[in-house]
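One file, structure_38.cif, carrying mmCIF, N, CA and C atoms:
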data_query
#
loop_
_atom_site.label_atom_id
_atom_site.label_comp_id
_atom_site.auth_asym_id
_atom_site.auth_seq_id
_atom_site.Cartn_x
_atom_site.Cartn_y
_atom_site.Cartn_z
N MET A 1 0.82 -1.18 0.00
CA MET A 1 0.00 0.00 0.00
C MET A 1 0.88 1.26 0.00
N ALA A 2 1.99 1.22 0.73
CA ALA A 2 2.86 2.39 0.80
C ALA A 2 3.49 2.68 -0.55
N LEU A 3 3.85 1.64 -1.29
CA LEU A 3 4.47 1.85 -2.61
C LEU A 3 3.45 2.38 -3.61
N LEU A 4 2.23 1.90 -3.56
CA LEU A 4 1.19 2.40 -4.45
C LEU A 4 0.86 3.85 -4.13
N LYS A 5 0.81 4.17 -2.85
CA LYS A 5 0.57 5.56 -2.43
C LYS A 5 1.71 6.46 -2.90
N ALA A 6 2.93 5.97 -2.79
CA ALA A 6 4.09 6.75 -3.25
C ALA A 6 4.02 6.96 -4.76
N ALA A 7 3.61 5.94 -5.50
CA ALA A 7 3.49 6.08 -6.96
C ALA A 7 2.44 7.13 -7.31
N ARG A 8 1.34 7.16 -6.59
CA ARG A 8 0.30 8.16 -6.85
C ARG A 8 0.78 9.57 -6.52
N GLU A 9 1.52 9.71 -5.42
CA GLU A 9 1.98 11.03 -4.99
C GLU A 9 3.10 11.57 -5.87
N LEU A 10 3.97 10.71 -6.38
CA LEU A 10 5.13 11.17 -7.13
C LEU A 10 4.89 11.27 -8.64
N SER A 11 3.81 10.69 -9.13
CA SER A 11 3.55 10.68 -10.57
C SER A 11 3.06 12.04 -11.06
N THR A 12 3.64 12.47 -12.16
CA THR A 12 3.18 13.67 -12.85
C THR A 12 2.97 13.27 -14.32
N PRO A 13 2.28 14.09 -15.10
CA PRO A 13 2.08 13.73 -16.50
C PRO A 13 3.37 13.59 -17.30
N LYS A 14 4.43 14.29 -16.90
CA LYS A 14 5.68 14.25 -17.65
C LYS A 14 6.74 13.35 -17.04
N ARG A 15 6.53 12.91 -15.80
CA ARG A 15 7.57 12.13 -15.13
C ARG A 15 6.96 11.21 -14.09
N GLY A 16 7.46 9.99 -14.04
CA GLY A 16 7.02 9.03 -13.04
C GLY A 16 8.19 8.66 -12.14
N PRO A 17 7.91 8.11 -10.98
CA PRO A 17 8.99 7.73 -10.08
C PRO A 17 9.69 6.45 -10.51
N THR A 18 10.97 6.37 -10.23
CA THR A 18 11.74 5.15 -10.47
C THR A 18 11.57 4.24 -9.26
N LEU A 19 12.08 3.04 -9.36
CA LEU A 19 12.00 2.09 -8.25
C LEU A 19 12.69 2.67 -7.01
N ARG A 20 13.84 3.26 -7.21
CA ARG A 20 14.57 3.84 -6.08
C ARG A 20 13.80 4.99 -5.44
N GLU A 21 13.18 5.83 -6.25
CA GLU A 21 12.38 6.94 -5.71
C GLU A 21 11.15 6.43 -4.97
N LEU A 22 10.52 5.37 -5.50
CA LEU A 22 9.37 4.78 -4.81
C LEU A 22 9.79 4.23 -3.44
N ALA A 23 10.90 3.49 -3.40
CA ALA A 23 11.37 2.91 -2.14
C ALA A 23 11.71 4.00 -1.13
N HIS A 24 12.37 5.05 -1.58
CA HIS A 24 12.75 6.13 -0.68
C HIS A 24 11.51 6.84 -0.13
N HIS A 25 10.56 7.16 -1.00
CA HIS A 25 9.36 7.88 -0.58
C HIS A 25 8.49 7.02 0.35
N ALA A 26 8.40 5.72 0.07
CA ALA A 26 7.59 4.82 0.88
C ALA A 26 8.32 4.34 2.13
N GLN A 27 9.61 4.65 2.22
CA GLN A 27 10.46 4.26 3.34
C GLN A 27 10.48 2.74 3.53
N VAL A 28 10.73 2.05 2.43
CA VAL A 28 10.90 0.59 2.48
C VAL A 28 12.26 0.26 1.87
N GLY A 29 12.75 -0.93 2.13
CA GLY A 29 14.03 -1.36 1.60
C GLY A 29 13.96 -1.62 0.11
N MET A 30 15.12 -1.59 -0.54
CA MET A 30 15.17 -1.80 -1.99
C MET A 30 14.75 -3.21 -2.39
N LYS A 31 15.14 -4.20 -1.62
CA LYS A 31 14.77 -5.58 -1.96
C LYS A 31 13.26 -5.76 -1.87
N ALA A 32 12.66 -5.27 -0.80
CA ALA A 32 11.20 -5.37 -0.64
C ALA A 32 10.49 -4.58 -1.74
N ALA A 33 11.02 -3.40 -2.06
CA ALA A 33 10.40 -2.58 -3.09
C ALA A 33 10.50 -3.25 -4.45
N ARG A 34 11.67 -3.82 -4.77
CA ARG A 34 11.86 -4.48 -6.06
C ARG A 34 10.88 -5.65 -6.23
N GLU A 35 10.75 -6.48 -5.20
CA GLU A 35 9.84 -7.62 -5.28
C GLU A 35 8.38 -7.17 -5.34
N THR A 36 8.02 -6.21 -4.52
CA THR A 36 6.63 -5.75 -4.47
C THR A 36 6.23 -5.04 -5.75
N VAL A 37 7.10 -4.21 -6.29
CA VAL A 37 6.79 -3.51 -7.54
C VAL A 37 6.66 -4.52 -8.67
N ALA A 38 7.48 -5.55 -8.68
CA ALA A 38 7.35 -6.60 -9.70
C ALA A 38 5.99 -7.28 -9.61
N HIS A 39 5.56 -7.57 -8.39
CA HIS A 39 4.23 -8.19 -8.20
C HIS A 39 3.12 -7.22 -8.58
N MET A 40 3.26 -5.95 -8.24
CA MET A 40 2.24 -4.96 -8.57
C MET A 40 2.17 -4.74 -10.08
N LYS A 41 3.30 -4.79 -10.74
CA LYS A 41 3.33 -4.64 -12.19
C LYS A 41 2.66 -5.84 -12.85
N ARG A 42 2.99 -7.02 -12.38
CA ARG A 42 2.38 -8.24 -12.92
C ARG A 42 0.88 -8.28 -12.63
N GLY A 43 0.47 -7.80 -11.47
CA GLY A 43 -0.94 -7.80 -11.09
C GLY A 43 -1.74 -6.69 -11.72
N GLY A 44 -1.08 -5.70 -12.29
CA GLY A 44 -1.78 -4.64 -12.98
C GLY A 44 -1.98 -3.36 -12.20
N ALA A 45 -1.47 -3.28 -10.99
CA ALA A 45 -1.63 -2.05 -10.22
C ALA A 45 -0.69 -0.95 -10.72
N LEU A 46 0.50 -1.33 -11.17
CA LEU A 46 1.47 -0.38 -11.71
C LEU A 46 1.78 -0.71 -13.15
N CYS A 47 2.21 0.29 -13.88
CA CYS A 47 2.55 0.14 -15.29
C CYS A 47 3.80 0.97 -15.55
N ILE A 48 4.65 0.50 -16.46
CA ILE A 48 5.83 1.29 -16.84
C ILE A 48 5.38 2.33 -17.87
N ALA A 49 5.55 3.59 -17.52
CA ALA A 49 5.12 4.67 -18.40
C ALA A 49 6.17 4.99 -19.46
N ARG A 50 7.43 5.02 -19.05
CA ARG A 50 8.53 5.35 -19.96
C ARG A 50 9.82 5.01 -19.25
N THR A 51 10.94 5.27 -19.88
CA THR A 51 12.24 5.07 -19.23
C THR A 51 12.96 6.41 -19.16
N ARG A 52 13.94 6.47 -18.28
CA ARG A 52 14.68 7.72 -18.06
C ARG A 52 16.13 7.39 -17.74
N ASN A 53 17.05 8.21 -18.21
CA ASN A 53 18.46 8.07 -17.88
C ASN A 53 18.71 8.68 -16.51
N VAL A 54 19.46 7.97 -15.68
CA VAL A 54 19.81 8.45 -14.35
C VAL A 54 21.32 8.33 -14.17
N PRO A 55 21.90 9.16 -13.31
CA PRO A 55 23.36 9.15 -13.17
C PRO A 55 23.91 7.90 -12.46
N TYR A 56 23.11 7.19 -11.69
CA TYR A 56 23.63 6.06 -10.93
C TYR A 56 23.55 4.72 -11.67
N ARG A 57 23.14 4.74 -12.95
CA ARG A 57 23.04 3.49 -13.70
C ARG A 57 23.36 3.76 -15.17
N ASN A 58 23.97 2.77 -15.84
CA ASN A 58 24.35 2.93 -17.24
C ASN A 58 23.16 2.82 -18.18
N ARG A 59 22.18 2.03 -17.81
CA ARG A 59 20.99 1.85 -18.64
C ARG A 59 19.85 2.75 -18.15
N PRO A 60 18.91 3.03 -19.03
CA PRO A 60 17.74 3.79 -18.58
C PRO A 60 16.92 2.95 -17.58
N VAL A 61 16.31 3.62 -16.62
CA VAL A 61 15.47 2.94 -15.63
C VAL A 61 14.01 3.22 -15.94
N ALA A 62 13.15 2.33 -15.48
CA ALA A 62 11.72 2.45 -15.73
C ALA A 62 11.09 3.46 -14.79
N GLU A 63 10.10 4.17 -15.31
CA GLU A 63 9.28 5.06 -14.50
C GLU A 63 7.92 4.38 -14.33
N TYR A 64 7.49 4.23 -13.11
CA TYR A 64 6.25 3.52 -12.81
C TYR A 64 5.12 4.51 -12.50
N VAL A 65 3.95 4.20 -12.98
CA VAL A 65 2.75 4.98 -12.67
C VAL A 65 1.61 4.01 -12.37
N PRO A 66 0.64 4.44 -11.57
CA PRO A 66 -0.55 3.61 -11.39
C PRO A 66 -1.25 3.42 -12.72
N ARG A 67 -1.87 2.27 -12.92
CA ARG A 67 -2.50 1.96 -14.21
C ARG A 67 -3.49 3.05 -14.64
N ALA A 68 -4.23 3.62 -13.72
CA ALA A 68 -5.21 4.64 -14.07
C ALA A 68 -4.55 5.89 -14.65
N GLU A 69 -3.29 6.13 -14.30
CA GLU A 69 -2.59 7.32 -14.78
C GLU A 69 -1.62 7.01 -15.91
N ALA A 70 -1.68 5.81 -16.46
CA ALA A 70 -0.76 5.44 -17.55
C ALA A 70 -1.00 6.32 -18.76
N PRO A 71 0.06 6.79 -19.41
CA PRO A 71 -0.10 7.65 -20.57
C PRO A 71 -0.68 6.88 -21.76
N GLU A 72 -1.33 7.61 -22.63
CA GLU A 72 -1.86 7.01 -23.85
C GLU A 72 -0.70 6.57 -24.73
N PRO A 73 -0.85 5.48 -25.45
CA PRO A 73 0.24 5.03 -26.31
C PRO A 73 0.57 6.07 -27.38
N GLY A 74 1.82 6.34 -27.53
CA GLY A 74 2.26 7.29 -28.54
C GLY A 74 3.16 6.60 -29.54
N PRO A 75 3.73 7.35 -30.46
CA PRO A 75 4.58 6.75 -31.47
C PRO A 75 5.87 6.16 -30.91
N ASP A 76 6.28 6.57 -29.71
CA ASP A 76 7.51 6.05 -29.14
C ASP A 76 7.30 4.77 -28.34
N ARG A 77 6.07 4.31 -28.18
CA ARG A 77 5.78 3.09 -27.43
C ARG A 77 5.43 1.97 -28.38
N SER A 78 5.92 0.81 -28.10
CA SER A 78 5.65 -0.33 -28.97
C SER A 78 4.22 -0.81 -28.79
N ALA A 79 3.70 -1.43 -29.81
CA ALA A 79 2.33 -1.94 -29.77
C ALA A 79 2.20 -3.06 -28.73
N LEU A 80 3.22 -3.90 -28.62
CA LEU A 80 3.16 -4.99 -27.65
C LEU A 80 3.13 -4.44 -26.22
N HIS A 81 3.94 -3.44 -25.94
CA HIS A 81 3.95 -2.85 -24.60
C HIS A 81 2.60 -2.25 -24.28
N SER A 82 1.99 -1.57 -25.22
CA SER A 82 0.68 -0.98 -25.01
C SER A 82 -0.37 -2.05 -24.75
N LEU A 83 -0.29 -3.15 -25.50
CA LEU A 83 -1.23 -4.24 -25.31
C LEU A 83 -1.09 -4.86 -23.93
N LEU A 84 0.14 -5.13 -23.53
CA LEU A 84 0.36 -5.75 -22.23
C LEU A 84 -0.02 -4.83 -21.08
N CYS A 85 0.20 -3.54 -21.25
CA CYS A 85 -0.13 -2.58 -20.20
C CYS A 85 -1.65 -2.44 -20.04
N SER A 86 -2.38 -2.62 -21.12
CA SER A 86 -3.84 -2.46 -21.05
C SER A 86 -4.57 -3.78 -20.87
N TRP A 87 -3.84 -4.86 -20.69
CA TRP A 87 -4.46 -6.18 -20.54
C TRP A 87 -5.34 -6.20 -19.29
N PRO A 88 -6.59 -6.66 -19.41
CA PRO A 88 -7.46 -6.67 -18.23
C PRO A 88 -7.01 -7.75 -17.25
N THR A 89 -7.15 -7.44 -15.98
CA THR A 89 -6.76 -8.38 -14.94
C THR A 89 -7.97 -8.71 -14.10
N ALA A 90 -7.95 -9.87 -13.47
CA ALA A 90 -9.05 -10.29 -12.62
C ALA A 90 -9.00 -9.47 -11.33
N PRO A 91 -10.13 -9.09 -10.78
CA PRO A 91 -10.12 -8.34 -9.53
C PRO A 91 -9.57 -9.19 -8.39
N ALA A 92 -8.89 -8.54 -7.47
CA ALA A 92 -8.32 -9.25 -6.33
C ALA A 92 -9.43 -9.72 -5.41
N ALA A 93 -9.25 -10.89 -4.88
CA ALA A 93 -10.28 -11.47 -4.01
C ALA A 93 -10.12 -11.00 -2.59
#
Take the structure from the file and write it as structure tokens.
Amino acid sequence: MALLKAARELSTPKRGPTLRELAHHAQVGMKAARETVAHMKRGGALCIARTRNVPYRNRPVAEYVPRAEAPEPGPDRSALHSLLCSWPTAPAA
């Protein structure tokens, strides 16, 4: 719940929080955040909006947003990514 709340609070239309920013804002450890965000992404609560270059890593990192705030697919997003991000999920029991 803390990570989802952090994603809602840190998300803007032009920028989403990275995993590290989510963990810091939610005050949880990186290992717990990495596992929980992976589960939330698989379950459909979070979606990768875009990637961003950061100084602490050589590769771009993902920016996460709640599914309701996911940006509309544009020319820079692949069709497969858009399909997977909009895939309907079963409601949690």
Could you give me, as a list in words, the residues within 8 Å of stretch 29-39 of chain A, counting all atoms listed in the file and dropping anything in the same chain fewer than 5 positions from it?
Leu3, Leu19, Arg20, Leu22, Ala23, His24, Gly44, Ala45 and Leu46 of chain A
Just the residues within 8 Å of A:Arg8, please, counting only N, CA and C atoms, with nothing from its chain fewer than 2 positions along; format it as a ChimeraX atom specification.
/A:2-6,10-12,17,64-66
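Of note, atom CA of A:Arg59 and atom CA of A:Gln27 are spaced 24.5 Å apart.
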Extract the full set of strand (DSSP E or B) residues from stretch 25-75 of chain A according to DSSP on the backbone, and format it as a list of chain:residue names.
A:Leu46, A:Cys47, A:Ile48, A:Ala49, A:Arg50, A:Thr51, A:Arg52, A:Val61, A:Ala62, A:Glu63, A:Tyr64, A:Val65, A:Pro66
How would the residues just picked look written out with N, CA and C atoms as a compact mmCIF listing (two decimals), in the coordinates of the input?
# COMPACT_ATOMS: atom_id res chain seq x y z
N LEU A 46 0.50 -1.33 -11.17
CA LEU A 46 1.47 -0.38 -11.71
C LEU A 46 1.78 -0.71 -13.15
N CYS A 47 2.21 0.29 -13.88
CA CYS A 47 2.55 0.14 -15.29
C CYS A 47 3.80 0.97 -15.55
N ILE A 48 4.65 0.50 -16.46
CA ILE A 48 5.83 1.29 -16.84
C ILE A 48 5.38 2.33 -17.87
N ALA A 49 5.55 3.59 -17.52
CA ALA A 49 5.12 4.67 -18.40
C ALA A 49 6.17 4.99 -19.46
N ARG A 50 7.43 5.02 -19.05
CA ARG A 50 8.53 5.35 -19.96
C ARG A 50 9.82 5.01 -19.25
N THR A 51 10.94 5.27 -19.88
CA THR A 51 12.24 5.07 -19.23
C THR A 51 12.96 6.41 -19.16
N ARG A 52 13.94 6.47 -18.28
CA ARG A 52 14.68 7.72 -18.06
C ARG A 52 16.13 7.39 -17.74
N VAL A 61 16.31 3.62 -16.62
CA VAL A 61 15.47 2.94 -15.63
C VAL A 61 14.01 3.22 -15.94
N ALA A 62 13.15 2.33 -15.48
CA ALA A 62 11.72 2.45 -15.73
C ALA A 62 11.09 3.46 -14.79
N GLU A 63 10.10 4.17 -15.31
CA GLU A 63 9.28 5.06 -14.50
C GLU A 63 7.92 4.38 -14.33
N TYR A 64 7.49 4.23 -13.11
CA TYR A 64 6.25 3.52 -12.81
C TYR A 64 5.12 4.51 -12.50
N VAL A 65 3.95 4.20 -12.98
CA VAL A 65 2.75 4.98 -12.67
C VAL A 65 1.61 4.01 -12.37
N PRO A 66 0.64 4.44 -11.57
CA PRO A 66 -0.55 3.61 -11.39
C PRO A 66 -1.25 3.42 -12.72
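Take atom CA of A:Gly43 and atom N of A:Pro13: the distance between them is 22.5 Å.
Of the listed residues (A:Glu9, A:Ser86, A:Val61, A:Pro55), A:Ser86 comes nearest to A:Arg42; the distances count only C-alpha atoms.
Between atom CA of A:Val54 and atom N of A:Lys14 lies a distance of 16.6 Å.
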Give me every alpha helix (DSSP H) residue in stretch 12-71 of chain A, going by DSSP on the backbone, as a PyMOL selection string.
chain A and resi 19-26+30-43
File dump, residues just selected, N, CA and C atoms, as a CSV table (one decimal), in the coordinates of the input:
chain,number,residue,atom,x,y,z
A,19,LEU,N,12.1,3.0,-9.4
A,19,LEU,CA,12.0,2.1,-8.2
A,19,LEU,C,12.7,2.7,-7.0
A,20,ARG,N,13.8,3.3,-7.2
A,20,ARG,CA,14.6,3.8,-6.1
A,20,ARG,C,13.8,5.0,-5.4
A,21,GLU,N,13.2,5.8,-6.2
A,21,GLU,CA,12.4,6.9,-5.7
A,21,GLU,C,11.2,6.4,-5.0
A,22,LEU,N,10.5,5.4,-5.5
A,22,LEU,CA,9.4,4.8,-4.8
A,22,LEU,C,9.8,4.2,-3.4
A,23,ALA,N,10.9,3.5,-3.4
A,23,ALA,CA,11.4,2.9,-2.1
A,23,ALA,C,11.7,4.0,-1.1
A,24,HIS,N,12.4,5.0,-1.6
A,24,HIS,CA,12.8,6.1,-0.7
A,24,HIS,C,11.5,6.8,-0.1
A,25,HIS,N,10.6,7.2,-1.0
A,25,HIS,CA,9.4,7.9,-0.6
A,25,HIS,C,8.5,7.0,0.4
A,26,ALA,N,8.4,5.7,0.1
A,26,ALA,CA,7.6,4.8,0.9
A,26,ALA,C,8.3,4.3,2.1
A,30,MET,N,15.1,-1.6,-0.5
A,30,MET,CA,15.2,-1.8,-2.0
A,30,MET,C,14.8,-3.2,-2.4
A,31,LYS,N,15.1,-4.2,-1.6
A,31,LYS,CA,14.8,-5.6,-2.0
A,31,LYS,C,13.3,-5.8,-1.9
A,32,ALA,N,12.7,-5.3,-0.8
A,32,ALA,CA,11.2,-5.4,-0.6
A,32,ALA,C,10.5,-4.6,-1.7
A,33,ALA,N,11.0,-3.4,-2.1
A,33,ALA,CA,10.4,-2.6,-3.1
A,33,ALA,C,10.5,-3.2,-4.4
A,34,ARG,N,11.7,-3.8,-4.8
A,34,ARG,CA,11.9,-4.5,-6.1
A,34,ARG,C,10.9,-5.6,-6.2
A,35,GLU,N,10.8,-6.5,-5.2
A,35,GLU,CA,9.8,-7.6,-5.3
A,35,GLU,C,8.4,-7.2,-5.3
A,36,THR,N,8.0,-6.2,-4.5
A,36,THR,CA,6.6,-5.8,-4.5
A,36,THR,C,6.2,-5.0,-5.8
A,37,VAL,N,7.1,-4.2,-6.3
A,37,VAL,CA,6.8,-3.5,-7.5
A,37,VAL,C,6.7,-4.5,-8.7
A,38,ALA,N,7.5,-5.6,-8.7
A,38,ALA,CA,7.4,-6.6,-9.7
A,38,ALA,C,6.0,-7.3,-9.6
A,39,HIS,N,5.6,-7.6,-8.4
A,39,HIS,CA,4.2,-8.2,-8.2
A,39,HIS,C,3.1,-7.2,-8.6
A,40,MET,N,3.3,-6.0,-8.2
A,40,MET,CA,2.2,-5.0,-8.6
A,40,MET,C,2.2,-4.7,-10.1
A,41,LYS,N,3.3,-4.8,-10.7
A,41,LYS,CA,3.3,-4.6,-12.2
A,41,LYS,C,2.7,-5.8,-12.8
A,42,ARG,N,3.0,-7.0,-12.4
A,42,ARG,CA,2.4,-8.2,-12.9
A,42,ARG,C,0.9,-8.3,-12.6
A,43,GLY,N,0.5,-7.8,-11.5
A,43,GLY,CA,-0.9,-7.8,-11.1
A,43,GLY,C,-1.7,-6.7,-11.7
Work out where the centre of an axis-aligned box around every listed atom of stretch 24-41 of chain A lies and how long its edges are once 5 Å is added on each side; give both in Å to one decimal as JSON.
{"center_x": 8.7, "center_y": -0.2, "center_z": -4.7, "size_x": 23.0, "size_y": 26.1, "size_z": 26.4}
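Distance check against A:Glu63 using all atoms listed in the file: of A:Ala26, A:Glu21, A:Gly16, A:Met1, the minimum falls on A:Gly16.
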